[in-house]
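Next up, target_36.txt (compact mmCIF, C-alpha atoms and all ligand atoms):
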# COMPACT_ATOMS: atom_id res chain seq x y z
CA MET A 1 135.74 156.64 9.95
CA LYS A 2 139.25 155.23 10.14
CA ILE A 3 141.89 156.52 7.72
CA VAL A 4 144.94 154.32 7.42
CA GLY A 5 148.17 155.36 5.67
CA VAL A 6 150.23 152.35 4.60
CA GLY A 7 153.94 152.50 3.64
CA GLY A 8 156.18 155.52 2.92
CA GLY A 9 154.13 157.41 0.34
CA GLY A 10 150.86 156.46 2.08
CA GLY A 11 152.25 157.99 5.27
CA ASN A 12 153.25 161.18 3.42
CA ALA A 13 149.76 161.50 1.96
CA VAL A 14 148.21 161.01 5.38
CA ASN A 15 150.50 163.68 6.88
CA TRP A 16 149.14 166.10 4.29
CA LEU A 17 145.57 165.15 5.21
CA ILE A 18 146.26 165.71 8.90
CA ARG A 19 147.84 169.13 8.26
CA ASN A 20 144.62 170.05 6.47
CA SER A 21 142.34 168.82 9.28
CA ILE A 22 140.85 165.69 7.82
CA PRO A 23 137.74 164.36 9.58
CA GLY A 24 138.20 160.88 11.03
CA GLU A 25 140.76 159.01 13.07
CA VAL A 26 144.11 158.46 11.38
CA VAL A 27 146.46 155.50 11.83
CA CYS A 28 149.82 154.97 10.11
CA VAL A 29 151.12 151.51 9.38
CA ASP A 30 154.62 150.82 8.08
CA THR A 31 157.57 148.46 8.33
CA ASP A 32 159.94 151.42 8.37
CA ALA A 33 160.49 152.85 11.87
CA LYS A 34 162.28 155.97 10.59
CA ASP A 35 159.38 156.85 8.29
CA LEU A 36 156.85 156.13 11.02
CA ALA A 37 158.65 158.58 13.31
CA LYS A 38 157.82 161.36 10.82
CA ARG A 39 154.09 160.65 10.89
CA LEU A 40 151.69 163.11 12.47
CA ALA A 41 149.09 160.43 13.24
CA LEU A 42 148.53 159.79 16.92
CA LYS A 43 148.34 156.06 16.35
CA LYS A 44 151.10 154.18 14.55
CA ILE A 45 151.65 150.50 13.99
CA ARG A 46 155.13 149.26 13.21
CA MET A 47 154.89 145.98 11.36
CA THR A 48 157.98 143.94 12.01
CA LEU A 49 159.75 141.67 9.61
CA PRO A 50 161.20 138.58 11.27
CA GLY A 51 164.68 137.92 9.91
CA ALA A 52 164.96 141.23 8.09
CA ALA A 53 168.20 143.12 8.74
CA THR A 54 167.01 146.59 7.74
CA ASP A 55 164.03 148.83 7.97
CA GLY A 56 161.33 148.86 5.37
CA GLY A 57 160.09 146.32 2.88
CA GLN A 58 162.96 147.11 0.48
CA GLY A 59 160.63 146.81 -2.47
CA LEU A 60 159.75 143.20 -1.63
CA THR A 61 156.00 142.73 -1.56
CA LEU A 62 156.28 139.35 0.11
CA TRP A 63 157.94 141.05 3.08
CA GLY A 64 155.19 143.61 3.22
CA GLU A 65 152.58 140.87 3.14
CA LYS A 66 154.33 138.78 5.81
CA ALA A 67 154.87 141.81 8.02
CA ALA A 68 151.16 142.65 7.86
CA LEU A 69 150.17 139.07 8.63
CA GLY A 70 152.60 139.13 11.58
CA SER A 71 150.83 142.22 12.95
CA ILE A 72 147.30 141.17 12.07
CA GLY A 73 146.03 141.52 15.66
CA PRO A 74 146.79 145.25 16.01
CA ILE A 75 145.70 145.81 12.41
CA GLU A 76 142.29 144.25 13.00
CA ARG A 77 141.86 146.28 16.17
CA ILE A 78 142.09 149.49 14.11
CA PHE A 79 138.73 148.64 12.59
CA VAL A 80 136.75 147.78 15.72
CA GLU A 81 133.48 149.73 15.37
CA ALA A 82 134.72 151.53 12.22
CA ASP A 83 131.90 152.23 9.76
CA ILE A 84 134.22 153.30 6.94
CA ALA A 85 137.84 152.24 6.46
CA VAL A 86 139.78 154.42 4.04
CA LEU A 87 143.11 152.80 3.21
CA ILE A 88 145.70 155.01 1.53
CA SER A 89 148.91 153.85 -0.10
CA THR A 90 151.29 154.66 -2.94
CA LEU A 91 151.73 151.26 -4.53
CA GLY A 92 154.97 149.99 -6.06
CA GLY A 93 157.17 149.50 -2.98
CA GLY A 94 157.30 146.41 -0.77
CA THR A 95 155.31 147.59 2.21
CA GLY A 96 152.31 149.25 0.58
CA SER A 97 151.85 146.71 -2.21
CA GLY A 98 152.40 143.71 0.07
CA ALA A 99 150.53 144.87 3.16
CA LEU A 100 147.57 146.73 1.67
CA PRO A 101 145.65 143.63 0.51
CA VAL A 102 146.09 142.06 3.97
CA ILE A 103 144.90 145.25 5.68
CA ALA A 104 141.97 145.58 3.27
CA LYS A 105 140.88 142.03 4.03
CA ALA A 106 141.05 142.78 7.77
CA ALA A 107 138.92 145.91 7.33
CA ARG A 108 136.32 144.00 5.31
CA ASN A 109 136.26 141.17 7.86
CA MET A 110 135.66 143.68 10.63
CA GLY A 111 132.60 144.91 8.75
CA ALA A 112 133.75 148.34 7.61
CA LEU A 113 132.84 149.76 4.22
CA THR A 114 136.31 149.46 2.75
CA VAL A 115 137.64 152.16 0.45
CA VAL A 116 141.11 152.03 -1.08
CA MET A 117 142.79 155.19 -2.38
CA ALA A 118 146.06 154.39 -4.10
CA THR A 119 148.57 155.61 -6.65
CA THR A 120 150.53 153.51 -9.13
CA PRO A 121 154.15 154.41 -10.05
CA PHE A 122 155.70 156.45 -12.85
CA GLN A 123 156.92 154.61 -15.92
CA HIS A 124 160.51 155.73 -15.28
CA GLU A 125 160.52 153.85 -11.97
CA GLY A 126 160.76 150.61 -13.92
CA SER A 127 158.61 147.62 -14.67
CA ALA A 128 159.17 145.79 -11.35
CA ARG A 129 157.50 148.55 -9.33
CA ARG A 130 154.73 148.82 -11.87
CA GLU A 131 154.07 145.10 -11.74
CA HIS A 132 153.99 145.08 -7.92
CA ALA A 133 151.50 147.92 -7.98
CA LEU A 134 149.23 146.42 -10.63
CA LYS A 135 149.28 143.00 -8.97
CA ALA A 136 148.33 144.54 -5.63
CA MET A 137 145.61 146.62 -7.32
CA GLY A 138 144.24 143.47 -8.98
CA LYS A 139 143.92 141.78 -5.58
CA LEU A 140 142.41 144.85 -3.99
CA LYS A 141 139.66 145.09 -6.60
CA THR A 142 138.37 141.68 -5.47
CA LEU A 143 138.55 142.63 -1.79
CA VAL A 144 137.27 146.16 -1.30
CA ASP A 145 133.97 148.00 -1.78
CA ILE A 146 135.31 151.08 -3.53
CA TRP A 147 138.68 152.02 -5.02
CA ILE A 148 140.25 155.14 -6.42
CA GLU A 149 143.37 154.36 -8.45
CA ILE A 150 145.46 157.30 -9.63
CA SER A 151 148.42 156.66 -11.93
CA ASN A 152 151.35 159.00 -11.24
CA GLU A 153 152.22 158.63 -14.92
CA ASP A 154 148.78 159.90 -15.94
CA ILE A 155 149.10 162.96 -13.74
CA SER A 156 152.14 164.07 -15.73
CA LYS A 157 150.24 163.27 -18.94
CA PHE A 158 146.99 165.13 -18.23
CA TYR A 159 148.17 167.95 -16.08
CA ALA A 160 151.20 170.21 -16.38
CA PRO A 161 152.55 170.32 -12.85
CA LYS A 162 154.97 173.07 -11.84
CA ASP A 163 157.24 170.56 -10.11
CA LEU A 164 157.19 167.16 -8.44
CA GLY A 165 155.58 168.59 -5.32
CA ASP A 166 152.76 170.02 -7.39
CA LEU A 167 152.30 166.67 -9.13
CA LEU A 168 152.19 164.68 -5.90
CA ALA A 169 149.68 167.16 -4.53
CA VAL A 170 147.09 165.85 -7.00
CA PRO A 171 146.50 162.51 -5.26
CA ASP A 172 146.69 164.24 -1.86
CA ARG A 173 143.84 166.54 -2.87
CA ALA A 174 141.84 163.83 -4.58
CA PHE A 175 142.04 161.59 -1.52
CA TYR A 176 141.26 164.47 0.82
CA LEU A 177 138.19 165.54 -1.12
CA GLY A 178 136.98 161.95 -1.57
CA ILE A 179 137.13 161.47 2.19
CA TRP A 180 135.44 164.80 2.73
CA VAL A 181 132.51 163.86 0.51
CA LEU A 182 132.03 160.48 2.20
CA ASN A 183 132.15 162.17 5.58
CA GLU A 184 129.57 164.80 4.60
CA MET A 185 127.15 162.37 2.97
CA PHE A 186 127.03 159.55 5.45
CA SER A 187 126.28 160.12 9.07
CA GLU A 188 124.64 156.78 9.72
CA ARG A 189 126.10 153.37 9.27
CA GLU A 190 122.95 151.92 7.62
CA SER A 191 123.00 154.45 4.80
CA LEU A 192 126.50 153.34 3.90
CA GLU A 193 125.28 149.89 2.99
CA ILE A 194 124.18 151.03 -0.45
CA LEU A 195 127.81 151.66 -1.31
CA ARG A 196 128.89 148.05 -0.68
CA GLY A 197 130.63 146.50 -3.66
CA SER A 198 130.32 149.67 -5.74
CA GLY A 199 133.68 149.32 -7.50
CA GLU A 200 135.80 152.03 -9.04
CA ALA A 201 135.40 155.70 -8.17
CA VAL A 202 136.77 159.06 -9.26
CA VAL A 203 137.01 162.42 -7.50
CA GLY A 204 136.58 165.70 -9.36
CA TRP A 205 136.72 169.33 -8.32
CA GLY A 206 136.55 172.73 -9.91
CA SER A 207 135.01 176.19 -9.89
CA THR A 208 131.96 174.95 -11.83
CA VAL A 209 130.27 171.61 -12.53
CA THR A 210 131.82 171.56 -16.00
CA ALA A 211 135.27 172.26 -14.56
CA ALA A 212 134.87 169.52 -11.94
CA LEU A 213 133.75 167.03 -14.60
CA ALA A 214 136.82 167.89 -16.69
CA ASN A 215 139.12 167.57 -13.68
CA THR A 216 138.46 164.09 -12.34
CA TRP A 217 141.16 161.80 -10.97
CA PRO A 218 141.61 159.33 -12.43
CA ARG A 219 140.58 160.72 -15.82
CA LYS A 220 137.92 158.18 -16.71
CA ASP A 221 134.61 158.08 -18.46
CA ILE A 222 132.00 158.41 -15.71
CA ARG A 223 128.85 158.48 -17.83
CA ASP A 224 127.75 155.13 -16.39
CA ALA A 225 128.46 155.98 -12.74
CA LYS A 226 125.85 154.38 -10.49
CA THR A 227 126.17 156.79 -7.60
CA LEU A 228 127.05 160.46 -7.74
CA MET A 229 127.87 162.46 -4.66
CA ALA A 230 128.35 166.17 -5.03
CA LEU A 231 129.14 169.05 -2.71
CA SER A 232 128.33 172.63 -3.53
CA VAL A 233 130.91 174.62 -1.61
CA GLY A 234 130.78 178.27 -0.71
CA GLU A 235 128.47 181.24 -0.57
CA LYS A 236 125.74 181.40 2.00
CA GLY A 237 122.40 182.92 1.14
CA ALA A 238 120.46 183.16 -2.11
CA LYS A 239 123.44 182.95 -4.46
CA GLY A 240 124.69 179.80 -2.80
CA HIS A 241 121.21 178.32 -2.96
CA ARG A 242 120.95 179.09 -6.66
CA ASN A 243 124.35 177.51 -7.32
CA PHE A 244 123.26 174.42 -5.43
CA LYS A 245 120.08 174.12 -7.50
CA LEU A 246 122.00 174.62 -10.74
CA MET A 247 124.52 171.99 -9.73
CA ASN A 248 121.76 169.46 -9.05
CA GLN A 249 120.03 170.22 -12.35
CA HIS A 250 123.29 169.84 -14.18
CA PHE A 251 124.03 166.44 -12.66
CA THR A 252 120.49 165.15 -13.11
CA ARG A 253 120.58 166.13 -16.77
CA GLN A 254 124.04 164.81 -17.48
CA PHE A 255 123.70 161.54 -15.62
CA PRO A 256 120.18 160.28 -16.35
CA GLN A 257 121.27 156.66 -15.82
CA ALA A 258 122.63 157.21 -12.29
CA GLU A 259 120.77 155.23 -9.67
CA ARG A 260 121.49 157.77 -6.95
CA LEU A 261 122.46 161.38 -6.66
CA PHE A 262 123.37 162.71 -3.25
CA SER A 263 124.15 166.36 -2.95
CA LYS A 264 124.77 168.83 -0.19
CA ARG A 265 125.59 172.47 0.32
CA ILE A 266 128.47 173.17 2.64
CA ALA A 267 130.09 176.43 3.70
CA ARG A 268 133.64 175.38 3.03
CA VAL A 269 136.14 172.57 2.94
CA LYS A 270 138.98 173.19 5.36
CA PHE A 271 141.73 174.10 2.93
CA GLU A 272 141.26 177.19 0.82
CA GLU A 273 141.14 176.84 -2.91
CA ASP A 274 139.26 178.01 -5.90
CA TYR A 275 136.60 175.42 -6.31
CA ARG A 276 132.88 175.38 -5.82
CA VAL A 277 131.99 171.84 -6.80
CA VAL A 278 133.39 168.58 -5.45
CA LEU A 279 132.26 165.32 -6.98
CA LEU A 280 132.68 161.66 -6.05
CA ALA A 281 131.39 159.32 -8.77
CA VAL A 282 131.18 155.69 -7.70
CA GLY A 283 130.55 152.51 -9.67
CA ILE A 284 131.85 153.85 -12.97
N1 LIG A 301 152.04 160.48 -4.44
C1 LIG A 301 153.14 160.05 -3.81
N2 LIG A 301 153.74 158.97 -4.26
C2 LIG A 301 154.85 158.53 -3.63
C3 LIG A 301 155.39 159.16 -2.50
N3 LIG A 301 156.47 158.46 -2.06
C4 LIG A 301 156.58 157.41 -2.90
N4 LIG A 301 155.63 157.44 -3.86
C5 LIG A 301 155.35 156.42 -4.90
O1 LIG A 301 155.09 155.21 -4.22
C6 LIG A 301 155.89 154.14 -4.66
C7 LIG A 301 156.21 153.26 -3.47
O2 LIG A 301 157.03 153.95 -2.57
P1 LIG A 301 156.85 153.88 -0.99
O3 LIG A 301 155.47 154.28 -0.62
O4 LIG A 301 157.96 154.67 -0.40
O5 LIG A 301 157.06 152.32 -0.71
P2 LIG A 301 156.67 151.49 0.60
O6 LIG A 301 155.25 151.07 0.50
O7 LIG A 301 157.07 152.25 1.83
O8 LIG A 301 157.53 150.17 0.40
P3 LIG A 301 159.05 149.81 0.86
O9 LIG A 301 159.71 151.08 1.31
O10 LIG A 301 159.64 149.21 -0.37
O11 LIG A 301 158.87 148.84 1.95
C8 LIG A 301 157.04 154.82 -5.33
O12 LIG A 301 157.53 153.99 -6.36
C9 LIG A 301 156.46 156.09 -5.88
O13 LIG A 301 155.83 155.87 -7.14
C10 LIG A 301 154.72 160.34 -2.03
O14 LIG A 301 155.12 160.99 -1.06
N5 LIG A 301 153.60 160.74 -2.71
MG MG A 302 158.99 152.37 2.76

Step by step, read the file and then write its structure as structure tokens.
Ligand SMILES: Nc1nc2c(ncn2[C@@H]2O[C@H](COP(=O)(O)OP(=O)(O)OP(=O)(O)O)[C@@H](O)[C@H]2O)c(=O)[nH]1
Ligand SMILES: [Mg+2]
Amino acid sequence: MKIVGVGGGGGNAVNWLIRNSIPGEVVCVDTDAKDLAKRLALKKIRMTLPGAATDGGQGLTLWGEKAALGSIGPIERIFVEADIAVLISTLGGGTGSGALPVIAKAARNMGALTVVMATTPFQHEGSARREHALKAMGKLKTLVDIWIEISNEDISKFYAPKDLGDLLAVPDRAFYLGIWVLNEMFSERESLEILRGSGEAVVGWGSTVTAALANTWPRKDIRDAKTLMALSVGEKGAKGHRNFKLMNQHFTRQFPQAERLFSKRIARVKFEEDYRVVLLAVGI
């Protein structure tokens, strides 16, 4: 699995994943050398902008797109022999919104199951950023196998964060847990094929199945989800086994239309928190 952080916010999200021991190999891609210097990833690709006087895409998506096309060789090489490509970006700026569709196309062309995890901007950031983000998202939906789109605006609507850090932690956790589920469920490349072209996905987590279903990001109706992947986290022994069985019963009952339910019991996810159930619903 290759995890690629694109642009400033994408790089920040990826730093958080690395600090919490994400499985998979992480690469950071940006036009901004100063931001890239802050990245914890071992591999970094600086996309250069011919003719640009300053660092970064400066909010211009065309620059982001051109910069990615100018570095397409190194970008494609990221995905050599990758079974899953998880591309992470906070859309709205020039680099992420411009480069992500180019990088997604490269990942698809190299044969990886391509998953995009992205945020869209707050309303108060203005309509230009919003439009960049939505335009990029529109392109991405035609290019990738699976996408998770979390609106920063919705986080403030549905959840009462303590502060900005707490708010931004929501996508970090959602992306982390989504990656964790994919990593736990799929150990062979062939089994991944069923997820091709699945479409939109959400991640949910909580101390019970009900809590996880009420805490999905994005907040979307998932009754029609084609594929459900669920982890039962925690206790070893009989209690853990009973929880696992209950979780499966719950999902089977609540999602009778789902084509597939994959579930697994795991001891723990690396960072400590109060949750027992992690859910990835795909093809909603
Ligand atoms: N969740 C989260 N969102 C962020 C973060 N930083 C920025 N954003 C959001 O992402 C949008 C794009 O910002 P950046 O990621 O810095 O932009 P960029 O892709 O580097 O593009 P340019 O700097 O314009 O080349 C912003 O408008 C914010 O909505 C972050 O650390 N976490
Ligand atoms: Mg930037």

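Interatomic distance, atom CA of Lys44 of chain A against atom CA of Gly98 of chain A: 17.9 Å.
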
How would you write, as a PDB file with C-alpha atoms, in the frame of the given file, the set of residues no farther than 8 Å from ligand LIG 301 (chain A) when counting only C-alpha atoms and all ligand atoms?
ATOM      1  CA  VAL A   6     150.230 152.350   4.600  1.00  0.00           C
ATOM      2  CA  GLY A   7     153.940 152.500   3.640  1.00  0.00           C
ATOM      3  CA  GLY A   8     156.180 155.520   2.920  1.00  0.00           C
ATOM      4  CA  GLY A   9     154.130 157.410   0.340  1.00  0.00           C
ATOM      5  CA  GLY A  10     150.860 156.460   2.080  1.00  0.00           C
ATOM      6  CA  GLY A  11     152.250 157.990   5.270  1.00  0.00           C
ATOM      7  CA  ASN A  12     153.250 161.180   3.420  1.00  0.00           C
ATOM      8  CA  ALA A  13     149.760 161.500   1.960  1.00  0.00           C
ATOM      9  CA  ASP A  30     154.620 150.820   8.080  1.00  0.00           C
ATOM     10  CA  THR A  31     157.570 148.460   8.330  1.00  0.00           C
ATOM     11  CA  ASP A  32     159.940 151.420   8.370  1.00  0.00           C
ATOM     12  CA  ASP A  55     164.030 148.830   7.970  1.00  0.00           C
ATOM     13  CA  GLY A  56     161.330 148.860   5.370  1.00  0.00           C
ATOM     14  CA  GLY A  57     160.090 146.320   2.880  1.00  0.00           C
ATOM     15  CA  GLN A  58     162.960 147.110   0.480  1.00  0.00           C
ATOM     16  CA  GLY A  59     160.630 146.810  -2.470  1.00  0.00           C
ATOM     17  CA  LEU A  60     159.750 143.200  -1.630  1.00  0.00           C
ATOM     18  CA  THR A  61     156.000 142.730  -1.560  1.00  0.00           C
ATOM     19  CA  TRP A  63     157.940 141.050   3.080  1.00  0.00           C
ATOM     20  CA  GLY A  64     155.190 143.610   3.220  1.00  0.00           C
ATOM     21  CA  SER A  89     148.910 153.850  -0.100  1.00  0.00           C
ATOM     22  CA  THR A  90     151.290 154.660  -2.940  1.00  0.00           C
ATOM     23  CA  LEU A  91     151.730 151.260  -4.530  1.00  0.00           C
ATOM     24  CA  GLY A  92     154.970 149.990  -6.060  1.00  0.00           C
ATOM     25  CA  GLY A  93     157.170 149.500  -2.980  1.00  0.00           C
ATOM     26  CA  GLY A  94     157.300 146.410  -0.770  1.00  0.00           C
ATOM     27  CA  THR A  95     155.310 147.590   2.210  1.00  0.00           C
ATOM     28  CA  GLY A  96     152.310 149.250   0.580  1.00  0.00           C
ATOM     29  CA  SER A  97     151.850 146.710  -2.210  1.00  0.00           C
ATOM     30  CA  GLY A  98     152.400 143.710   0.070  1.00  0.00           C
ATOM     31  CA  THR A 119     148.570 155.610  -6.650  1.00  0.00           C
ATOM     32  CA  THR A 120     150.530 153.510  -9.130  1.00  0.00           C
ATOM     33  CA  PRO A 121     154.150 154.410 -10.050  1.00  0.00           C
ATOM     34  CA  PHE A 122     155.700 156.450 -12.850  1.00  0.00           C
ATOM     35  CA  GLU A 125     160.520 153.850 -11.970  1.00  0.00           C
ATOM     36  CA  ARG A 129     157.500 148.550  -9.330  1.00  0.00           C
ATOM     37  CA  ASN A 152     151.350 159.000 -11.240  1.00  0.00           C
ATOM     38  CA  LEU A 167     152.300 166.670  -9.130  1.00  0.00           C
ATOM     39  CA  LEU A 168     152.190 164.680  -5.900  1.00  0.00           C
ATOM     40  CA  ALA A 169     149.680 167.160  -4.530  1.00  0.00           C
ATOM     41  CA  VAL A 170     147.090 165.850  -7.000  1.00  0.00           C
ATOM     42  CA  PRO A 171     146.500 162.510  -5.260  1.00  0.00           C
ATOM     43  CA  ASP A 172     146.690 164.240  -1.860  1.00  0.00           C
TER      44      ASP A 172
END

Subject >> Among listed residues A:Glu76, A:Asp166, A:Glu259, A:Asp35, nearest Asn109 of chain A (using all atoms listed in the file) >> reply: A:Glu76

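Restricting the calculation to only C-alpha atoms, the smallest distance between Leu228 of chain A and any of A:Ala82, A:Val181, A:Ala214, A:Leu192 is found for A:Val181.
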
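Residues surrounding Val14 of chain A within 8 Å are A:Val4, A:Gly5, A:Gly10, A:Gly11, A:Leu17, A:Ile18, A:Val26, A:Cys28, A:Ala41, A:Ile88 [all atoms listed in the file; sequence separation below 3 positions excluded].
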
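Proximity to Gln254 of chain A was assessed for A:Leu42, A:Val202, A:Leu213, A:Ile284 counting only C-alpha atoms; the smallest distance is recorded for A:Leu213.
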
**OP:** Using all atoms listed in the file, give me every residue within 9 Å of (142.4, 169.1, 6.9) in file coordinates, as a VMD selection string.
**Re:** chain A and resid 16 to 23 176 269 to 271

**OP:** Rounded to one decimal place, report the atom CA of Phe262 of chain A-atom CA of Val203 of chain A distance in Å.
**Re:** 14.3 Å

Original post:
atom CA of Lys66 of chain A and atom CA of Phe175 of chain A, how far apart in Å?
Top reply: 26.9 Å
